[in-house]
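Enquirer: So that you have it, the file is query38.cif, and it contains mmCIF, C-alpha atoms and all ligand atoms:
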data_entry
loop_
_atom_site.label_atom_id
_atom_site.label_comp_id
_atom_site.auth_asym_id
_atom_site.auth_seq_id
_atom_site.Cartn_x
_atom_site.Cartn_y
_atom_site.Cartn_z
CA MET F 439 10.71 52.72 -59.19
CA ASN F 440 13.21 52.43 -56.31
CA ALA F 441 12.71 50.48 -53.10
CA THR F 442 11.95 53.58 -51.02
CA SER F 443 9.17 54.87 -53.25
CA SER F 444 7.58 51.41 -53.53
CA MET F 445 7.46 51.20 -49.72
CA HIS F 446 5.28 54.31 -49.51
CA ARG F 447 2.89 53.56 -52.34
CA ALA F 448 -0.54 52.15 -51.63
CA PRO F 449 -1.07 48.68 -53.12
CA ARG F 450 -2.59 48.52 -56.59
CA ILE F 451 -6.11 47.11 -56.83
CA ARG F 452 -6.19 43.45 -57.90
CA LYS F 453 -9.82 42.49 -57.68
CA ALA F 454 -12.73 43.70 -59.81
CA VAL F 455 -16.43 43.10 -59.25
CA PHE F 456 -18.88 42.91 -62.15
CA PRO F 457 -22.46 43.13 -60.86
CA VAL F 458 -24.45 41.45 -63.62
CA ALA F 459 -27.47 40.18 -61.73
CA GLY F 460 -29.91 42.88 -62.85
CA LEU F 461 -32.98 41.96 -64.86
CA GLY F 462 -32.10 44.04 -67.93
CA THR F 463 -35.72 44.98 -68.53
CA ARG F 464 -34.94 47.80 -70.97
CA PHE F 465 -33.74 45.26 -73.51
CA LEU F 466 -36.73 42.94 -73.36
CA PRO F 467 -37.55 40.79 -75.23
CA ALA F 468 -33.87 40.17 -76.18
CA THR F 469 -32.92 39.84 -72.51
CA LYS F 470 -35.57 37.19 -71.91
CA THR F 471 -32.86 34.67 -72.81
CA VAL F 472 -29.66 36.65 -73.48
CA PRO F 473 -28.20 38.56 -70.53
CA LYS F 474 -27.70 42.26 -71.29
CA GLU F 475 -23.96 41.88 -70.70
CA MET F 476 -23.76 39.31 -73.50
CA LEU F 477 -25.16 41.67 -76.17
CA PRO F 478 -22.37 42.14 -78.73
CA ILE F 479 -20.63 45.25 -79.95
CA VAL F 480 -19.44 43.98 -83.34
CA ASP F 481 -17.86 40.64 -82.32
CA ARG F 482 -17.40 40.85 -78.54
CA PRO F 483 -20.00 40.92 -75.78
CA LEU F 484 -20.26 43.99 -73.58
CA ILE F 485 -18.82 42.11 -70.62
CA GLN F 486 -15.58 41.47 -72.53
CA TYR F 487 -14.88 45.20 -72.92
CA ALA F 488 -15.24 45.72 -69.16
CA VAL F 489 -13.12 42.64 -68.38
CA ASP F 490 -10.33 43.83 -70.68
CA GLU F 491 -10.43 47.25 -69.01
CA ALA F 492 -10.08 45.66 -65.56
CA ILE F 493 -7.18 43.44 -66.66
CA ALA F 494 -5.44 46.42 -68.28
CA ALA F 495 -5.76 48.22 -64.94
CA GLY F 496 -3.87 45.36 -63.24
CA CYS F 497 -6.72 43.19 -61.92
CA ASP F 498 -6.15 39.44 -61.82
CA THR F 499 -9.26 38.34 -59.93
CA LEU F 500 -12.62 38.99 -61.56
CA VAL F 501 -15.73 38.49 -59.46
CA PHE F 502 -18.98 38.15 -61.36
CA VAL F 503 -22.15 38.64 -59.35
CA THR F 504 -24.77 36.76 -61.31
CA ASN F 505 -28.19 35.23 -60.83
CA ARG F 506 -29.51 31.79 -61.60
CA TYR F 507 -30.61 32.78 -65.11
CA LYS F 508 -27.22 34.01 -66.22
CA HIS F 509 -25.42 30.79 -67.09
CA ALA F 510 -24.34 32.38 -70.34
CA VAL F 511 -21.90 34.68 -68.51
CA ALA F 512 -20.20 31.77 -66.70
CA ASP F 513 -20.22 29.63 -69.86
CA TYR F 514 -18.57 32.45 -71.78
CA PHE F 515 -15.58 32.55 -69.43
CA ASP F 516 -15.30 28.76 -69.18
CA LYS F 517 -12.79 26.92 -71.35
CA ALA F 518 -14.44 25.55 -74.51
CA TYR F 519 -12.32 22.42 -75.09
CA GLU F 520 -14.19 21.03 -78.09
CA LEU F 521 -14.32 24.39 -79.85
CA GLU F 522 -10.63 25.01 -79.24
CA GLN F 523 -9.70 21.54 -80.54
CA ARG F 524 -11.72 22.08 -83.70
CA LEU F 525 -10.23 25.50 -84.37
CA GLU F 526 -6.75 24.09 -83.83
CA ALA F 527 -7.35 21.06 -86.06
CA GLY F 528 -8.79 23.34 -88.74
CA GLY F 529 -5.76 25.65 -88.61
CA LYS F 530 -7.94 28.59 -87.55
CA LEU F 531 -5.27 29.92 -85.25
CA ASP F 532 -6.45 33.53 -85.33
CA LEU F 533 -9.85 32.56 -84.05
CA LEU F 534 -8.29 30.18 -81.53
CA GLN F 535 -6.23 33.04 -80.16
CA ARG F 536 -9.29 35.26 -79.88
CA VAL F 537 -11.22 32.58 -78.03
CA ARG F 538 -8.31 32.06 -75.62
CA GLU F 539 -7.92 35.77 -74.97
CA VAL F 540 -11.39 35.90 -73.43
CA LEU F 541 -9.68 35.14 -70.11
CA PRO F 542 -5.88 35.41 -70.31
CA ASP F 543 -3.58 33.11 -68.34
CA GLY F 544 -3.01 34.31 -64.81
CA VAL F 545 -6.47 35.85 -64.50
CA ARG F 546 -9.12 33.98 -62.54
CA ALA F 547 -12.88 34.31 -62.70
CA VAL F 548 -15.00 33.76 -59.59
CA PHE F 549 -18.78 33.58 -59.66
CA VAL F 550 -21.05 34.49 -56.80
CA THR F 551 -24.82 34.51 -56.83
CA GLN F 552 -27.13 37.33 -55.86
CA PRO F 553 -30.20 35.31 -54.87
CA GLU F 554 -32.63 38.19 -55.51
CA ALA F 555 -32.23 41.43 -57.47
CA ARG F 556 -32.20 43.67 -54.39
CA GLY F 557 -30.17 46.45 -55.99
CA LEU F 558 -26.63 47.32 -57.05
CA GLY F 559 -25.47 47.89 -53.46
CA HIS F 560 -26.68 44.45 -52.46
CA ALA F 561 -24.98 42.91 -55.52
CA VAL F 562 -21.65 44.46 -54.49
CA LEU F 563 -22.12 43.19 -50.93
CA CYS F 564 -22.49 39.65 -52.31
CA ALA F 565 -18.84 39.86 -53.48
CA GLN F 566 -17.50 40.51 -49.97
CA PRO F 567 -16.34 36.91 -49.23
CA VAL F 568 -14.07 37.02 -52.29
CA ILE F 569 -12.80 40.57 -51.84
CA GLY F 570 -11.96 40.47 -48.13
CA ASP F 571 -10.53 43.71 -46.77
CA GLU F 572 -8.61 45.20 -49.68
CA PRO F 573 -9.65 48.06 -51.98
CA PHE F 574 -11.38 46.80 -55.11
CA ALA F 575 -12.94 47.94 -58.36
CA VAL F 576 -16.57 47.77 -59.47
CA LEU F 577 -17.35 47.93 -63.19
CA LEU F 578 -20.84 48.06 -64.67
CA PRO F 579 -20.40 46.50 -68.11
CA ASP F 580 -23.28 48.40 -69.70
CA ASP F 581 -21.20 51.56 -69.33
CA LEU F 582 -18.71 51.00 -72.12
CA ILE F 583 -15.80 53.46 -71.90
CA TRP F 584 -13.54 53.81 -74.89
CA ASN F 585 -10.28 55.72 -74.75
CA ARG F 586 -8.87 55.19 -78.22
CA GLY F 587 -5.16 54.48 -77.99
CA GLY F 588 -4.92 55.64 -74.37
CA PRO F 589 -5.22 54.02 -70.95
CA GLY F 590 -8.62 52.67 -69.97
CA ALA F 591 -10.80 54.56 -67.48
CA LEU F 592 -10.14 52.08 -64.65
CA ALA F 593 -6.35 52.24 -65.13
CA GLN F 594 -6.56 56.03 -64.89
CA MET F 595 -8.60 55.72 -61.70
CA ALA F 596 -6.27 53.11 -60.22
CA ASP F 597 -3.35 55.52 -60.61
CA LEU F 598 -5.26 58.18 -58.70
CA ALA F 599 -6.46 55.75 -56.01
CA GLN F 600 -2.90 54.56 -55.48
CA ALA F 601 -1.41 58.04 -55.39
CA ARG F 602 -4.01 59.47 -52.99
CA ARG F 603 -4.87 56.31 -51.07
CA SER F 604 -8.55 57.07 -51.53
CA SER F 605 -11.66 55.66 -53.09
CA VAL F 606 -12.33 57.00 -56.59
CA ILE F 607 -15.60 57.26 -58.51
CA ALA F 608 -15.89 58.00 -62.22
CA VAL F 609 -18.10 60.96 -63.14
CA GLN F 610 -19.09 62.88 -66.22
CA PRO F 611 -21.21 65.99 -66.77
CA VAL F 612 -24.76 65.37 -68.00
CA PRO F 613 -27.52 67.79 -69.09
CA ARG F 614 -29.43 68.98 -66.02
CA GLU F 615 -32.67 67.40 -67.25
CA GLN F 616 -30.99 63.98 -66.96
CA THR F 617 -29.95 64.12 -63.28
CA GLY F 618 -32.91 61.91 -62.38
CA SER F 619 -31.22 58.99 -64.14
CA TYR F 620 -27.92 59.07 -62.22
CA GLY F 621 -26.16 59.32 -58.91
CA ILE F 622 -25.10 62.98 -58.69
CA VAL F 623 -22.11 64.29 -56.71
CA ALA F 624 -21.23 67.60 -55.07
CA THR F 625 -17.48 68.18 -55.01
CA ASP F 626 -14.73 70.59 -54.04
CA THR F 627 -13.19 72.53 -56.92
CA PHE F 628 -11.45 70.13 -59.28
CA ASP F 629 -7.69 69.83 -59.39
CA GLY F 630 -7.28 68.75 -63.02
CA ARG F 631 -9.45 65.67 -63.46
CA HIS F 632 -10.34 65.01 -59.82
CA GLY F 633 -12.14 66.68 -56.94
CA ARG F 634 -13.08 65.50 -53.45
CA ILE F 635 -16.70 64.42 -53.13
CA ARG F 636 -18.67 66.19 -50.38
CA GLY F 637 -22.10 64.79 -51.13
CA ILE F 638 -23.78 62.18 -53.32
CA VAL F 639 -27.46 61.60 -54.00
CA GLU F 640 -29.23 58.95 -56.08
CA LYS F 641 -31.31 60.13 -59.05
CA PRO F 642 -32.22 63.65 -57.80
CA ASP F 643 -34.86 65.72 -59.51
CA PRO F 644 -33.14 68.34 -61.76
CA ALA F 645 -34.56 71.14 -59.57
CA ILE F 646 -32.70 69.91 -56.48
CA ALA F 647 -29.64 68.18 -57.97
CA PRO F 648 -26.47 69.48 -56.24
CA SER F 649 -24.60 69.56 -59.58
CA THR F 650 -24.73 68.00 -63.02
CA LEU F 651 -21.79 65.65 -62.42
CA ALA F 652 -23.11 62.13 -62.80
CA VAL F 653 -21.61 58.89 -61.52
CA VAL F 654 -20.90 56.37 -64.26
CA GLY F 655 -20.22 52.69 -63.79
CA ARG F 656 -16.61 52.61 -62.55
CA TYR F 657 -15.68 52.68 -58.87
CA ILE F 658 -12.61 51.96 -56.77
CA LEU F 659 -13.80 51.42 -53.22
CA ASP F 660 -12.31 50.85 -49.81
CA ALA F 661 -13.51 47.56 -48.27
CA ARG F 662 -15.15 49.58 -45.50
CA ILE F 663 -18.01 49.96 -47.97
CA PHE F 664 -19.14 46.41 -47.12
CA GLU F 665 -19.91 47.24 -43.49
CA LEU F 666 -21.72 50.36 -44.62
CA LEU F 667 -23.72 48.37 -47.19
CA GLU F 668 -24.76 45.92 -44.48
CA ARG F 669 -26.34 48.82 -42.63
CA THR F 670 -27.91 50.44 -45.69
CA ALA F 671 -31.68 50.26 -45.78
CA PRO F 672 -33.51 49.99 -49.11
CA GLY F 673 -33.57 53.43 -50.75
CA LYS F 674 -34.72 54.72 -54.17
CA GLY F 675 -36.89 52.13 -55.92
CA GLY F 676 -36.88 49.90 -52.80
CA GLU F 677 -33.33 48.76 -53.72
CA ILE F 678 -30.17 48.73 -51.61
CA GLN F 679 -28.29 51.54 -53.28
CA LEU F 680 -24.51 51.68 -53.59
CA THR F 681 -24.90 55.47 -53.64
CA ASP F 682 -26.32 55.49 -50.10
CA ALA F 683 -23.37 53.49 -48.74
CA ILE F 684 -20.94 55.80 -50.56
CA ALA F 685 -22.71 58.76 -48.91
CA ALA F 686 -21.89 57.15 -45.55
CA LEU F 687 -18.28 56.46 -46.61
CA LEU F 688 -17.79 60.18 -47.36
CA GLY F 689 -18.22 60.93 -43.67
CA GLU F 690 -15.28 58.67 -42.81
CA GLN F 691 -12.73 58.84 -45.64
CA PRO F 692 -11.81 60.91 -48.68
CA VAL F 693 -13.55 59.83 -51.87
CA GLU F 694 -12.48 61.43 -55.14
CA ALA F 695 -14.64 62.09 -58.19
CA TYR F 696 -12.66 61.49 -61.37
CA ARG F 697 -13.42 62.85 -64.84
CA PHE F 698 -11.91 60.13 -66.98
CA GLN F 699 -10.39 60.55 -70.40
CA GLY F 700 -12.47 58.67 -72.97
CA THR F 701 -15.98 58.35 -74.39
CA ARG F 702 -18.70 56.59 -72.46
CA PHE F 703 -21.53 54.77 -74.19
CA ASP F 704 -24.56 54.00 -72.07
CA CYS F 705 -25.20 50.52 -73.45
CA GLY F 706 -28.02 50.02 -70.97
CA THR F 707 -30.13 52.07 -73.41
CA HIS F 708 -31.07 51.25 -76.99
CA ILE F 709 -29.44 54.33 -78.48
CA GLY F 710 -26.25 53.87 -76.45
CA LEU F 711 -25.83 50.31 -77.69
CA VAL F 712 -26.46 51.39 -81.28
CA GLU F 713 -24.03 54.32 -81.00
CA ALA F 714 -21.30 52.10 -79.56
CA THR F 715 -21.86 49.60 -82.36
CA ILE F 716 -21.52 52.33 -84.98
CA ARG F 717 -18.36 53.76 -83.40
CA PHE F 718 -16.65 50.40 -82.99
CA ALA F 719 -17.63 49.28 -86.49
CA LEU F 720 -16.22 52.50 -87.98
CA ASP F 721 -12.95 51.86 -86.13
CA HIS F 722 -12.77 48.09 -86.65
CA GLU F 723 -9.67 46.87 -88.51
CA ALA F 724 -11.61 44.40 -90.68
CA ILE F 725 -14.87 46.18 -91.43
CA SER F 726 -14.32 49.94 -91.04
CA GLU F 727 -14.53 50.69 -94.76
CA GLN F 728 -17.61 48.55 -95.26
CA ALA F 729 -19.17 50.18 -92.20
CA ARG F 730 -18.57 53.64 -93.66
CA ASP F 731 -20.12 52.62 -96.98
CA ALA F 732 -23.08 50.97 -95.28
CA MET F 733 -23.71 54.06 -93.20
CA ALA F 734 -23.47 56.43 -96.16
CA ARG F 735 -25.90 54.21 -98.12
CA ALA F 736 -28.34 54.05 -95.24
CA LEU F 737 -28.31 57.83 -94.76
CA ALA F 738 -28.72 58.42 -98.49
CA GLU F 739 -31.60 55.94 -98.74
CA LEU F 740 -33.35 57.69 -95.91
CA GLY F 741 -32.76 61.04 -97.60
CA VAL F 742 -30.70 62.25 -94.63
CA ALA F 743 -27.44 62.78 -96.51
CA ASP F 744 -25.81 62.52 -99.87
CA SER F 745 -24.03 59.19 -100.46
CA THR F 746 -21.13 60.79 -102.38
P1 LIG D 801 -29.49 48.73 -63.95
O1 LIG D 801 -30.04 49.85 -63.19
O2 LIG D 801 -28.94 49.00 -65.30
O3 LIG D 801 -30.58 47.60 -64.02
O4 LIG D 801 -28.37 48.07 -63.02
P2 LIG D 801 -30.66 46.35 -64.97
O5 LIG D 801 -31.53 45.34 -64.33
O6 LIG D 801 -29.30 45.85 -65.37
O7 LIG D 801 -31.34 46.91 -66.32
P3 LIG D 801 -32.79 47.56 -66.58
O8 LIG D 801 -32.75 48.93 -65.96
O9 LIG D 801 -33.83 46.65 -65.97
O10 LIG D 801 -32.87 47.58 -68.08
C1 LIG D 801 -27.06 48.59 -62.95
C2 LIG D 801 -26.08 47.45 -62.77
O11 LIG D 801 -26.31 46.81 -61.52
C3 LIG D 801 -26.53 45.42 -61.70
C4 LIG D 801 -26.99 45.28 -63.14
O12 LIG D 801 -26.72 43.99 -63.63
C5 LIG D 801 -26.19 46.37 -63.84
O13 LIG D 801 -24.87 45.94 -64.14
N1 LIG D 801 -27.52 44.97 -60.72
C6 LIG D 801 -28.63 45.73 -60.47
C7 LIG D 801 -27.30 43.79 -60.02
O14 LIG D 801 -26.30 43.08 -60.23
N2 LIG D 801 -28.23 43.41 -59.09
C8 LIG D 801 -29.34 44.14 -58.82
O15 LIG D 801 -30.12 43.74 -57.95
C9 LIG D 801 -29.54 45.33 -59.54
#
Could you express the structure from this file as C-alpha cells?

Expert:
Amino acid sequence: MNATSSMHRAPRIRKAVFPVAGLGTRFLPATKTVPKEMLPIVDRPLIQYAVDEAIAAGCDTLVFVTNRYKHAVADYFDKAYELEQRLEAGGKLDLLQRVREVLPDGVRAVFVTQPEARGLGHAVLCAQPVIGDEPFAVLLPDDLIWNRGGPGALAQMADLAQARRSSVIAVQPVPREQTGSYGIVATDTFDGRHGRIRGIVEKPDPAIAPSTLAVVGRYILDARIFELLERTAPGKGGEIQLTDAIAALLGEQPVEAYRFQGTRFDCGTHIGLVEATIRFALDHEAISEQARDAMARALAELGVADST
C-alpha cells in the first residue's frame, strides 16, 4: 500500500467486545457452574474460537463483559505460572505452546462487569469506558463461525467496514418460521455479499418479519452506538436490546448487512453445540479418523446406517 492510499483508508478496528454476562439458561444444569462460553468444542472452549477470530481480524484489545459468577473466563485468560513451569520441566513443549497461545503476546484482555443481566445492549454499553470513540467489534462466542482455510467472518467484515467507512452486521438467511429467534433486517438489494440495512427488528413473528435475513453474533459498530444505547429503553423481554440502538443508528449513518463466507454453528443451542463438536472432531488433525469410525459405529448401532 502506498502513502496516498493509506491516508484515505479508514482505520482498522482494534478493539473487540465479548459480552459473556448472560445467564446461559439453555445449558442448565451444566451452566450452573461452567459458563456457557467455557463449554469445549473438542479441546478449546467456545470463547477461544471467538478470540482467535478477533485477533485474526487485527484486534489487539479484547474486552470481556462478565458477571460476578464468571471467574472462569478471567482465569482462563490469566497466565498459569505453575502449570507452565510443570509443562516446561516435563518437556511437554507442545502443550506449553498451546497454553501460551490462549492469549498471544501483544494482545491484552480487559474485564468489565455487567452488574445485572439487563440485556445484550446493556452489556455492550458496559464496555464504553474501554472502547472510547473508535469503531469496535462485538462477537457473541456462542455463534461459532468456521471458514475452513479462509479468512474468519470478522476479518471479512473488517475489510468491508474499512472500505466503506460504515458499521457492518453479519447476517444469514434462516427459515421463515425461525424469525422469532433473531434480529431480522430489511436491506437494499445486495451488491455481492453486502447490502445497506434500511430496517431492523428484534425477534419478529414470521407473519410480519420484513425478510428472512437474520443477524448473527458479529458486529462492527461506530462508537455512536453508545449514546444511542444510553437512550434505549428496555424492549423485547424487558431487556435493553442492541437491535433497538442499531435501529436508531440506521437513521444517522450507513450500516451494512454482510453475508459472510463460512458456516455458523449456533452453540447457544444443544444441537448447535453437538453439530460443531462433530464437525471439528471430523476435521481435527489428531482425532479425525477415530471420529469418523466412532460416528459410523454409533450410526450402525442405532440402525441408522451401515458401518461399512
Ligand atoms: P443469549 O440470548 O444467548 O442469552 O445472549 P444467554 O443468557 O447467554 O443464554 P440463554 O438464552 O439463557 O441460554 C446473547 C449474548 O449476550 C450476552 C450473552 O452472554 C450472550 O453472549 N448477554 C446477554 C450479556 O452479556 N448480558 C445480558 O444481560 C444478556

Enquirer: Got a sec: who's within 7 Å of region 498-508 of chain F, counting all atoms listed in the file, leaving out chain neighbours fewer than 5 positions off, as a PyMOL selection string?

Expert: chain F and resi 452-459+473+493+544-553+561+565

Enquirer: (-33.6, 54.2, -54.9) in this file's frame - what residues fall within 12 Å of it? Use only C-alpha atoms and give the answer as a ChimeraX atom specification.

Expert: /F:556-559,618-621,639-642,670-683

Enquirer: Counting all atoms listed in the file, note down every residue that has an atom within 10 Å of the point (-18.0, 70.8, -60.4) (file coordinates), as a list in words.

Expert: Gln610, Pro611, Val623, Ala624, Thr625, Asp626, Thr627, Phe628, His632, Gly633, Ile635, Pro648, Ser649, Thr650, Leu651 and Ala695 of chain F

Enquirer: When you draw a straight line from CA of Gly460 (chain F) to CA of Gly706 (chain F), how long is it in Å?

Expert: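 Answer for the CA of Gly460 (chain F) to CA of Gly706 (chain F) separation: 11.0 Å.
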
Enquirer: Counting all atoms listed in the file, which residue out of F:Glu615, F:Asp704, F:Asp532, F:Glu539 sits closest to ligand LIG 801 (chain D)?

Expert: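 Under the stated criterion, the closest residue is F:Asp704.
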
Enquirer: Mind checking which residues fall within 12 Å of region 718-734 of chain F, counting only C-alpha atoms, ignoring those fewer than 6 positions away in the same chain, and posting them as a list in words?

Expert: Pro478, Ile479, Val480, Asp481, Arg482, Leu484, Tyr487, Leu582, Ile583, Trp584, Asn585, Arg586, Gly587, Thr701, Phe703, Leu711, Val712, Leu740, Gly741, Val742, Ala743, Asp744, Ser745 and Thr746 of chain F

Enquirer: When you count only C-alpha atoms, which of these residues is closest to Ala448 (chain F): F:Arg603, F:Arg524, F:Arg697, F:Arg735?

Expert: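 Selected residue with least distance to Ala448 (chain F): F:Arg603.
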
Enquirer: In Å to one decimal, how far is CA of Pro483 (chain F) from CA of Leu541 (chain F)?

Expert: 13.1 Å

Enquirer: If the box runs along x, y and z of the file and leaves 5 Å on each side of region 529-532 of chain F, what are its centre and edge lengths in Å, one decimal, as lines of an AutoDock Vina configuration file?

Expert:
center_x = -6.6
center_y = 29.6
center_z = -86.9
size_x = 12.7
size_y = 17.9
size_z = 13.4

Enquirer: Tell me which of F:Val576, F:Ala593, F:Leu688, F:Leu666 sits closest to Val654 (chain F), counting only C-alpha atoms.

Expert: F:Val576

Enquirer: Go through F:Leu578, F:Val612, F:Ile658, F:Leu521 and flag the residue nearest ligand LIG 801 (chain D), using only C-alpha atoms and all ligand atoms for the distances.

Expert: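 For ligand LIG 801 (chain D), the nearest of the candidates is F:Leu578.
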
Enquirer: Which one of F:Glu526, F:Glu668, F:Asp490, F:Asp581 sits closest to ligand LIG 801 (chain D) if you count all atoms listed in the file?

Expert: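 Result for the nearest residue to ligand LIG 801 (chain D): F:Asp581.
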
Enquirer: When you draw a straight line from CA of Gly462 (chain F) to atom O15 of ligand LIG 801 (chain D), how long is it in Å?

Expert: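 Separating CA of Gly462 (chain F) from atom O15 of ligand LIG 801 (chain D) is a distance of 10.2 Å.
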
Enquirer: Counting only C-alpha atoms and all ligand atoms, figure out which residue out of F:Asp571, F:Glu739, F:Asp629, F:Asp580 gets nearest to ligand LIG 801 (chain D).

Expert: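 Residue with the minimum atom-to-atom distance to ligand LIG 801 (chain D): F:Asp580.
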
Enquirer: Please provide as a compact mmCIF listing (two decimals) with C-alpha atoms, keeping the file's coordinate frame all residues within 9 Å of Tyr657 (chain F), with the sequence filter that same-chain residues fewer than 6 positions apart are discarded (counting only C-alpha atoms).

Expert:
# COMPACT_ATOMS: atom_id res chain seq x y z
CA PHE F 574 -11.38 46.80 -55.11
CA ALA F 575 -12.94 47.94 -58.36
CA VAL F 576 -16.57 47.77 -59.47
CA LEU F 577 -17.35 47.93 -63.19
CA LEU F 592 -10.14 52.08 -64.65
CA MET F 595 -8.60 55.72 -61.70
CA SER F 605 -11.66 55.66 -53.09
CA VAL F 606 -12.33 57.00 -56.59
CA ILE F 607 -15.60 57.26 -58.51
CA ALA F 608 -15.89 58.00 -62.22

Enquirer: With all heavy atoms retained, output region 646-653 of chain F as a PDB file, in the first residue's frame.

Expert:
ATOM      1  N   ILE F 646     -44.925 -11.178  10.198  1.00  0.00           N
ATOM      2  CA  ILE F 646     -44.645  -9.751   9.973  1.00  0.00           C
ATOM      3  C   ILE F 646     -43.154  -9.450   9.779  1.00  0.00           C
ATOM      4  O   ILE F 646     -42.761  -8.290   9.646  1.00  0.00           O
ATOM      5  CB  ILE F 646     -45.186  -8.877  11.135  1.00  0.00           C
ATOM      6  CG1 ILE F 646     -44.618  -9.373  12.479  1.00  0.00           C
ATOM      7  CG2 ILE F 646     -46.708  -8.859  11.163  1.00  0.00           C
ATOM      8  CD1 ILE F 646     -44.591  -8.283  13.531  1.00  0.00           C
ATOM      9  N   ALA F 647     -42.336 -10.508   9.725  1.00  0.00           N
ATOM     10  CA  ALA F 647     -40.890 -10.286   9.559  1.00  0.00           C
ATOM     11  C   ALA F 647     -40.623  -9.622   8.207  1.00  0.00           C
ATOM     12  O   ALA F 647     -41.165 -10.060   7.193  1.00  0.00           O
ATOM     13  CB  ALA F 647     -40.144 -11.614   9.655  1.00  0.00           C
ATOM     14  N   PRO F 648     -39.776  -8.560   8.185  1.00  0.00           N
ATOM     15  CA  PRO F 648     -39.537  -7.848   6.922  1.00  0.00           C
ATOM     16  C   PRO F 648     -38.701  -8.644   5.916  1.00  0.00           C
ATOM     17  O   PRO F 648     -38.640  -8.279   4.748  1.00  0.00           O
ATOM     18  CB  PRO F 648     -38.774  -6.592   7.367  1.00  0.00           C
ATOM     19  CG  PRO F 648     -38.161  -6.942   8.674  1.00  0.00           C
ATOM     20  CD  PRO F 648     -39.070  -7.945   9.323  1.00  0.00           C
ATOM     21  N   SER F 649     -38.043  -9.698   6.366  1.00  0.00           N
ATOM     22  CA  SER F 649     -37.270 -10.571   5.470  1.00  0.00           C
ATOM     23  C   SER F 649     -36.953 -11.831   6.271  1.00  0.00           C
ATOM     24  O   SER F 649     -37.447 -12.009   7.389  1.00  0.00           O
ATOM     25  CB  SER F 649     -35.959  -9.890   5.046  1.00  0.00           C
ATOM     26  OG  SER F 649     -34.980  -9.986   6.075  1.00  0.00           O
ATOM     27  N   THR F 650     -36.102 -12.668   5.694  1.00  0.00           N
ATOM     28  CA  THR F 650     -35.649 -13.840   6.457  1.00  0.00           C
ATOM     29  C   THR F 650     -34.134 -13.765   6.656  1.00  0.00           C
ATOM     30  O   THR F 650     -33.484 -14.774   6.866  1.00  0.00           O
ATOM     31  CB  THR F 650     -36.038 -15.153   5.738  1.00  0.00           C
ATOM     32  OG1 THR F 650     -35.548 -15.091   4.403  1.00  0.00           O
ATOM     33  CG2 THR F 650     -37.539 -15.365   5.734  1.00  0.00           C
ATOM     34  N   LEU F 651     -33.602 -12.557   6.598  1.00  0.00           N
ATOM     35  CA  LEU F 651     -32.158 -12.370   6.842  1.00  0.00           C
ATOM     36  C   LEU F 651     -31.946 -12.075   8.326  1.00  0.00           C
ATOM     37  O   LEU F 651     -32.367 -11.020   8.823  1.00  0.00           O
ATOM     38  CB  LEU F 651     -31.641 -11.195   6.030  1.00  0.00           C
ATOM     39  CG  LEU F 651     -31.087 -11.472   4.643  1.00  0.00           C
ATOM     40  CD1 LEU F 651     -30.499 -10.213   4.049  1.00  0.00           C
ATOM     41  CD2 LEU F 651     -30.056 -12.606   4.658  1.00  0.00           C
ATOM     42  N   ALA F 652     -31.283 -12.996   8.991  1.00  0.00           N
ATOM     43  CA  ALA F 652     -31.144 -12.901  10.449  1.00  0.00           C
ATOM     44  C   ALA F 652     -29.761 -12.397  10.839  1.00  0.00           C
ATOM     45  O   ALA F 652     -28.757 -12.753  10.218  1.00  0.00           O
ATOM     46  CB  ALA F 652     -31.363 -14.281  11.063  1.00  0.00           C
ATOM     47  N   VAL F 653     -29.732 -11.593  11.886  1.00  0.00           N
ATOM     48  CA  VAL F 653     -28.463 -11.110  12.445  1.00  0.00           C
ATOM     49  C   VAL F 653     -27.830 -12.248  13.235  1.00  0.00           C
ATOM     50  O   VAL F 653     -28.490 -12.900  14.036  1.00  0.00           O
ATOM     51  CB  VAL F 653     -28.729  -9.910  13.383  1.00  0.00           C
ATOM     52  CG1 VAL F 653     -27.452  -9.483  14.101  1.00  0.00           C
ATOM     53  CG2 VAL F 653     -29.339  -8.746  12.603  1.00  0.00           C
TER      54      VAL F 653
END
